[in-house]
>>> print(open('work.txt').read())   # compact mmCIF, C-alpha atoms
# COMPACT_ATOMS: atom_id res chain seq x y z
CA MET A 1 5.05 -3.47 -20.01
CA SER A 2 4.65 -0.77 -17.38
CA GLN A 3 6.81 -0.41 -14.32
CA ASP A 4 3.80 -1.38 -12.19
CA GLU A 5 3.36 -4.64 -14.10
CA THR A 6 6.97 -5.60 -13.50
CA GLY A 7 6.63 -5.07 -9.77
CA GLY A 8 8.94 -2.08 -9.90
CA GLY A 9 8.75 1.11 -7.98
CA GLY A 10 12.02 0.72 -6.13
CA PRO A 11 11.56 -0.31 -2.55
CA GLY A 12 7.81 -0.02 -2.96
CA ALA A 13 5.56 0.50 -0.01
CA ALA A 14 8.26 -0.07 2.55
CA PRO A 15 7.06 1.42 5.78
CA ALA A 16 9.13 4.35 6.95
CA GLY A 17 10.85 4.02 10.27
CA ASP A 18 10.18 0.78 12.08
CA GLY A 19 7.10 -0.03 9.98
CA GLY A 20 5.00 -0.18 13.10
CA PRO A 21 1.39 0.87 13.43
CA PRO A 22 0.28 4.18 11.94
CA THR A 23 1.24 7.13 14.11
CA GLY A 24 0.37 9.97 11.78
CA THR A 25 -1.98 12.87 11.96
CA ARG A 26 -3.79 14.63 9.15
CA ASP A 27 -2.45 18.08 10.14
CA GLY A 28 0.65 18.92 8.14
CA MET A 29 3.57 16.57 8.61
CA ARG A 30 2.62 13.26 10.15
CA ASP A 31 3.93 12.59 13.66
CA GLY A 32 7.27 10.85 13.75
CA GLN A 33 8.15 11.85 10.19
CA ARG A 34 9.87 15.22 10.73
CA ASP A 35 13.01 14.07 12.50
CA GLY A 36 14.13 11.46 9.97
CA MET A 37 13.57 13.75 6.99
CA ARG A 38 15.38 16.96 7.97
CA ASP A 39 18.37 16.19 5.75
CA GLU A 40 16.28 15.07 2.75
CA VAL A 41 13.70 17.84 2.57
CA PRO A 42 14.24 21.46 1.53
CA GLY A 43 13.52 24.13 4.17
CA ASP A 44 10.09 24.98 2.73
CA PHE A 45 8.90 21.41 3.28
CA GLN A 46 10.49 20.62 6.64
CA ASP A 47 7.32 21.41 8.58
CA ARG A 48 4.75 19.95 6.22
CA LEU A 49 4.24 16.92 4.07
CA PRO A 50 4.68 17.51 0.32
CA GLU A 51 1.29 17.91 -1.38
CA TYR A 52 1.70 14.88 -3.65
CA ALA A 53 2.70 12.69 -0.72
CA GLU A 54 -0.35 13.83 1.24
CA ARG A 55 -2.58 12.93 -1.71
CA VAL A 56 -1.03 9.46 -2.02
CA LEU A 57 -1.44 8.83 1.71
CA ASP A 58 -5.06 10.03 1.55
CA VAL A 59 -5.76 7.35 -1.07
CA ALA A 60 -4.05 4.68 1.05
CA ASP A 61 -6.31 5.72 3.95
CA LEU A 62 -9.38 5.18 1.74
CA ILE A 63 -8.61 1.57 0.83
CA PRO A 64 -10.96 -0.65 2.84
CA PRO A 65 -9.63 -3.45 5.06
CA GLY A 66 -9.21 -6.63 3.06
CA ARG A 67 -8.65 -4.77 -0.20
CA VAL A 68 -5.57 -3.43 -2.02
CA MET A 69 -4.55 -1.02 -4.77
CA THR A 70 -1.36 -1.24 -6.79
CA TYR A 71 1.11 1.61 -6.97
CA GLY A 72 -0.08 2.23 -10.52
CA ASP A 73 -3.74 2.16 -9.44
CA VAL A 74 -3.05 4.92 -6.90
CA ALA A 75 -1.25 7.05 -9.49
CA GLU A 76 -4.06 6.51 -11.99
CA TRP A 77 -6.71 7.32 -9.37
CA LEU A 78 -4.88 10.57 -8.58
CA GLY A 79 -4.33 11.35 -12.27
CA ASP A 80 -0.77 12.28 -11.38
CA GLY A 81 2.63 10.60 -11.14
CA GLY A 82 3.27 6.94 -11.70
CA PRO A 83 4.03 3.72 -9.81
CA ARG A 84 7.57 4.79 -8.95
CA GLN A 85 6.44 8.09 -7.46
CA VAL A 86 3.76 6.36 -5.40
CA GLY A 87 6.29 3.75 -4.26
CA ARG A 88 8.69 6.48 -3.20
CA VAL A 89 6.00 8.24 -1.16
CA MET A 90 5.06 4.97 0.51
CA ALA A 91 8.72 4.20 1.26
CA LEU A 92 9.26 7.58 2.91
CA TYR A 93 5.92 8.22 4.62
CA GLY A 94 3.94 4.97 4.44
CA SER A 95 4.11 4.02 8.13
CA ALA A 96 1.47 6.67 8.86
CA VAL A 97 -1.16 4.79 6.82
CA PRO A 98 -2.14 1.14 6.14
CA TRP A 99 0.90 0.64 3.89
CA TRP A 100 0.18 -3.06 3.30
CA ARG A 101 -2.86 -2.07 1.18
CA VAL A 102 -0.69 -0.42 -1.52
CA VAL A 103 1.02 -3.28 -3.32
CA ARG A 104 2.87 -4.57 -6.37
CA ALA A 105 0.72 -5.52 -9.33
CA ASP A 106 1.93 -9.13 -9.29
CA GLY A 107 0.64 -9.69 -5.74
CA THR A 108 4.00 -10.47 -4.17
CA LEU A 109 4.43 -9.38 -0.59
CA LEU A 110 6.70 -6.45 0.17
CA PRO A 111 10.29 -7.73 0.48
CA GLY A 112 11.57 -7.34 4.00
CA HIS A 113 8.08 -6.88 5.41
CA GLU A 114 6.39 -10.06 4.19
CA LEU A 115 5.46 -11.49 7.58
CA GLN A 116 4.19 -8.20 8.99
CA ALA A 117 2.09 -7.61 5.86
CA LEU A 118 0.84 -11.20 5.94
CA ASP A 119 -0.36 -10.71 9.53
CA HIS A 120 -2.35 -7.66 8.39
CA TYR A 121 -3.79 -9.50 5.37
CA ARG A 122 -4.91 -12.44 7.50
CA ALA A 123 -6.43 -10.18 10.16
CA GLU A 124 -8.36 -8.24 7.49
CA GLY A 125 -9.43 -11.24 5.44
CA THR A 126 -7.54 -10.10 2.34
CA PRO A 127 -7.80 -12.78 -0.37
CA LEU A 128 -4.53 -14.69 -0.76
CA ARG A 129 -3.27 -17.38 -3.13
CA GLU A 130 -1.37 -20.38 -1.88
CA ALA A 131 2.34 -20.34 -2.51
CA SER A 132 3.82 -22.90 -4.83
CA ARG A 133 6.44 -25.24 -3.46
CA GLN A 134 9.01 -23.40 -5.59
CA ALA A 135 8.09 -20.03 -4.07
CA ASP A 136 10.83 -18.48 -1.97
CA GLY A 137 9.87 -19.08 1.65
CA HIS A 138 6.54 -20.59 0.55
CA LEU A 139 4.84 -17.25 1.18
CA PRO A 140 1.43 -16.70 -0.36
CA ARG A 141 0.67 -13.92 -2.83
CA LEU A 142 -2.27 -11.60 -2.86
CA ASP A 143 -5.15 -12.80 -5.00
CA MET A 144 -5.22 -9.62 -7.05
CA ARG A 145 -8.37 -10.56 -8.95
CA ARG A 146 -10.34 -10.67 -5.71
CA ALA A 147 -8.41 -8.23 -3.49
CA ARG A 148 -7.96 -5.32 -5.89
CA TRP A 149 -10.09 -2.27 -5.07
CA ASP A 150 -11.10 0.16 -7.80
CA GLY A 151 -11.71 3.14 -5.52
CA GLY A 152 -15.49 2.82 -5.67
CA GLY A 153 -18.01 1.92 -3.02
CA GLY A 154 -17.13 4.76 -0.66
CA GLY A 155 -14.21 2.93 0.94
CA ASP A 156 -16.41 1.03 3.37
CA GLY A 157 -15.50 -2.44 2.14
CA SER A 158 -19.02 -3.05 0.83
CA GLY A 159 -17.82 -3.90 -2.65
CA GLY A 160 -17.73 -1.25 -5.28
CA ASP A 161 -16.16 -3.48 -7.92
CA ASP A 162 -17.70 -3.39 -11.35
CA ASP A 163 -17.09 -7.12 -11.77
CA GLY A 164 -19.24 -8.07 -8.80
CA GLN A 165 -16.45 -10.20 -7.36
CA GLY A 166 -16.56 -8.48 -3.99
CA GLY A 167 -13.60 -9.30 -1.85
CA GLY A 168 -12.25 -8.26 1.46
CA GLN A 169 -13.74 -9.25 4.75
CA GLY A 170 -15.92 -12.29 4.97
CA GLU A 171 -14.31 -14.14 2.09
CA GLU A 172 -12.24 -17.22 2.51
CA THR A 173 -8.54 -16.53 2.68
CA HIS A 174 -6.15 -19.16 1.35
CA THR A 175 -2.72 -19.41 2.90
>>> encode(input="work.txt", output="structure tokens")
Amino acid sequence: MSQDETGGGGPGAAPAGDGGPPTGTRDGMRDGQRDGMRDEVPGDFQDRLPEYAERVLDVADLIPPGRVMTYGDVAEWLGDGGPRQVGRVMALYGSAVPWWRVVRADGTLLPGHELQALDHYRAEGTPLREASRQADGHLPRLDMRRARWDGGGGGDGSGGDDDGQGGGQGEETHT
């Protein structure tokens, strides 16, 4: 079983900083990211985002509203790294992109950010599955069969799935 299938990847797509709305730019280091990283990043990288991180964030930017990719999907799409590396990038730099669209393979909401992510999913019409009564906090999960995006369709939310399931905006969301 892969790390992605077990929901691993460390802290996952935890938004950096306060997890607020994206504040980044596409030129070098994203706004608001430099100050908190000075101690963690070697001198060569202090003024720019590492290349792999930039690539991961570019993929997150492509995911249409109402759709998601797993950490492993992003790594596979890039042809580089794995779920843990993608999760680390999202944990450090994810607040500059729609972080709630890069998720665990089992569809559970990001621990510590469940309610904020849920607000985004509801606003975007992301397919959800009702929580069982035994579920901690009775929080729904993502309906991965319907919400998962394969990177096709140009990122405009017009489908692009080979299975014809569609997903995203306009579909009924169960909470």
>>> atom_distance(input="work.txt", atom1="atom CA of Ala123 of chain A", atom2="atom CA of Pro65 of chain A")
9.0 Å
>>> residues_around(input="work.txt", residues="Pro140 of chain A", least_positions_apart="3", cutoff="7 Å", atoms="all atoms listed in the file", output="short mmCIF file (atom, residue, chain, number, x, y, z; two decimals) with C-alpha atoms, keeping the file's coordinate frame")
data_model
loop_
_atom_site.label_atom_id
_atom_site.label_comp_id
_atom_site.auth_asym_id
_atom_site.auth_seq_id
_atom_site.Cartn_x
_atom_site.Cartn_y
_atom_site.Cartn_z
CA LEU A 128 -4.53 -14.69 -0.76
CA ARG A 129 -3.27 -17.38 -3.13
CA GLU A 130 -1.37 -20.38 -1.88
CA ALA A 131 2.34 -20.34 -2.51
CA THR A 175 -2.72 -19.41 2.90
#
>>> residues_around(input="work.txt", residues="Val59 of chain A", least_positions_apart="4", cutoff="12 Å", atoms="all atoms listed in the file", output="MDAnalysis selection string")
chainID A and resid 52:55 63:64 68:71 73:79 86 89:90 94 97:99 101:102 149:152 154:155
>>> atom_distance(input="work.txt", atom1="atom CA of Leu110 of chain A", atom2="atom CA of Gly81 of chain A")
20.9 Å
>>> atom_distance(input="work.txt", atom1="atom CA of Arg88 of chain A", atom2="atom CA of Leu62 of chain A")
18.8 Å
>>> residues_around(input="work.txt", residues="Asp119 of chain A", least_positions_apart="4", cutoff="12 Å", atoms="all atoms listed in the file", output="list in words")
Gly66, Trp100, Leu109, His113, Glu114, Leu115, Ala123, Glu124, Gly125, Thr126, Leu128, Leu139, Pro140 and Thr175 of chain A
>>> decode(input="work.txt", residues="segment 49-64 of chain A", atoms="all heavy atoms", output="CSV table (one decimal), in the first residue's frame")
chain,number,residue,atom,x,y,z
A,49,LEU,N,11.4,30.6,-4.6
A,49,LEU,CA,10.8,29.4,-4.2
A,49,LEU,C,11.6,28.2,-4.9
A,49,LEU,O,12.0,28.3,-6.0
A,49,LEU,CB,9.4,29.4,-4.7
A,49,LEU,CG,8.4,28.4,-4.2
A,49,LEU,CD1,8.2,28.6,-2.7
A,49,LEU,CD2,7.1,28.6,-4.9
A,50,PRO,N,11.8,27.1,-4.1
A,50,PRO,CA,12.5,26.0,-4.8
A,50,PRO,C,11.7,25.5,-6.0
A,50,PRO,O,10.5,25.5,-6.0
A,50,PRO,CB,12.5,24.9,-3.7
A,50,PRO,CG,12.4,25.7,-2.4
A,50,PRO,CD,11.6,26.9,-2.7
A,51,GLU,N,12.4,25.1,-7.0
A,51,GLU,CA,11.8,24.7,-8.3
A,51,GLU,C,10.8,23.6,-8.1
A,51,GLU,O,9.7,23.7,-8.7
A,51,GLU,CB,12.9,24.2,-9.3
A,51,GLU,CG,12.4,24.0,-10.7
A,51,GLU,CD,12.0,22.6,-10.9
A,51,GLU,OE1,12.5,21.7,-10.2
A,51,GLU,OE2,11.3,22.3,-11.9
A,52,TYR,N,11.0,22.6,-7.3
A,52,TYR,CA,10.0,21.6,-7.2
A,52,TYR,C,8.7,22.1,-6.5
A,52,TYR,O,7.6,21.8,-6.9
A,52,TYR,CB,10.6,20.4,-6.3
A,52,TYR,CG,9.6,19.3,-6.2
A,52,TYR,CD1,9.3,18.4,-7.2
A,52,TYR,CD2,8.9,19.1,-5.0
A,52,TYR,CE1,8.4,17.4,-7.1
A,52,TYR,CE2,8.0,18.0,-4.8
A,52,TYR,CZ,7.8,17.2,-5.9
A,52,TYR,OH,6.8,16.1,-5.8
A,53,ALA,N,8.9,23.0,-5.5
A,53,ALA,CA,7.8,23.6,-4.8
A,53,ALA,C,7.0,24.4,-5.8
A,53,ALA,O,5.7,24.3,-5.8
A,53,ALA,CB,8.2,24.4,-3.7
A,54,GLU,N,7.6,25.1,-6.7
A,54,GLU,CA,6.9,26.0,-7.7
A,54,GLU,C,6.1,25.1,-8.6
A,54,GLU,O,5.0,25.4,-8.9
A,54,GLU,CB,7.9,26.8,-8.5
A,54,GLU,CG,7.3,27.8,-9.4
A,54,GLU,CD,6.5,28.9,-8.7
A,54,GLU,OE1,7.0,29.4,-7.6
A,54,GLU,OE2,5.5,29.4,-9.2
A,55,ARG,N,6.7,23.9,-9.0
A,55,ARG,CA,6.0,23.0,-9.9
A,55,ARG,C,4.7,22.4,-9.2
A,55,ARG,O,3.7,22.3,-9.8
A,55,ARG,CB,6.9,21.9,-10.3
A,55,ARG,CG,8.0,22.4,-11.3
A,55,ARG,CD,9.0,21.4,-11.6
A,55,ARG,NE,8.4,20.2,-12.2
A,55,ARG,CZ,8.9,18.9,-11.9
A,55,ARG,NH1,10.0,18.8,-11.2
A,55,ARG,NH2,8.3,17.9,-12.5
A,56,VAL,N,4.9,22.1,-7.9
A,56,VAL,CA,3.7,21.5,-7.2
A,56,VAL,C,2.6,22.6,-7.1
A,56,VAL,O,1.4,22.3,-7.3
A,56,VAL,CB,4.1,21.0,-5.8
A,56,VAL,CG1,2.9,20.8,-4.9
A,56,VAL,CG2,5.0,19.8,-5.9
A,57,LEU,N,3.0,23.8,-6.7
A,57,LEU,CA,2.0,24.9,-6.6
A,57,LEU,C,1.4,25.2,-7.9
A,57,LEU,O,0.2,25.6,-8.0
A,57,LEU,CB,2.6,26.1,-5.9
A,57,LEU,CG,3.2,25.9,-4.5
A,57,LEU,CD1,3.8,27.1,-4.0
A,57,LEU,CD2,2.2,25.4,-3.6
A,58,ASP,N,2.1,25.1,-9.0
A,58,ASP,CA,1.5,25.3,-10.3
A,58,ASP,C,0.4,24.3,-10.6
A,58,ASP,O,-0.6,24.6,-11.2
A,58,ASP,CB,2.6,25.2,-11.4
A,58,ASP,CG,3.5,26.4,-11.5
A,58,ASP,OD1,3.2,27.5,-10.9
A,58,ASP,OD2,4.6,26.3,-12.1
A,59,VAL,N,0.6,23.0,-10.2
A,59,VAL,CA,-0.4,22.0,-10.4
A,59,VAL,C,-1.6,22.3,-9.5
A,59,VAL,O,-2.8,22.3,-10.0
A,59,VAL,CB,0.1,20.6,-10.1
A,59,VAL,CG1,-1.0,19.6,-10.1
A,59,VAL,CG2,1.2,20.2,-11.1
A,60,ALA,N,-1.4,22.7,-8.3
A,60,ALA,CA,-2.5,23.1,-7.4
A,60,ALA,C,-3.3,24.2,-8.0
A,60,ALA,O,-4.6,24.2,-7.9
A,60,ALA,CB,-2.0,23.4,-6.0
A,61,ASP,N,-2.7,25.1,-8.7
A,61,ASP,CA,-3.4,26.3,-9.3
A,61,ASP,C,-4.2,25.8,-10.5
A,61,ASP,O,-5.2,26.4,-10.8
A,61,ASP,CB,-2.4,27.3,-9.8
A,61,ASP,CG,-1.9,28.3,-8.7
A,61,ASP,OD1,-2.7,28.5,-7.8
A,61,ASP,OD2,-0.8,28.9,-8.9
A,62,LEU,N,-3.9,24.7,-11.1
A,62,LEU,CA,-4.6,24.2,-12.3
A,62,LEU,C,-5.9,23.4,-11.9
A,62,LEU,O,-6.8,23.3,-12.8
A,62,LEU,CB,-3.7,23.2,-13.1
A,62,LEU,CG,-2.5,23.8,-13.8
A,62,LEU,CD1,-1.7,22.7,-14.4
A,62,LEU,CD2,-2.9,24.8,-14.9
A,63,ILE,N,-6.0,22.9,-10.7
A,63,ILE,CA,-7.1,22.1,-10.3
A,63,ILE,C,-8.4,23.0,-10.3
A,63,ILE,O,-8.4,24.0,-9.6
A,63,ILE,CB,-6.9,21.5,-8.9
A,63,ILE,CG1,-5.6,20.6,-8.9
A,63,ILE,CG2,-8.1,20.6,-8.6
A,63,ILE,CD1,-5.2,20.2,-7.6
A,64,PRO,N,-9.4,22.6,-11.1
A,64,PRO,CA,-10.6,23.4,-11.2
A,64,PRO,C,-11.4,23.5,-9.9
A,64,PRO,O,-11.3,22.5,-9.1
A,64,PRO,CB,-11.4,22.7,-12.3
A,64,PRO,CG,-10.6,21.7,-12.9
A,64,PRO,CD,-9.4,21.4,-11.9
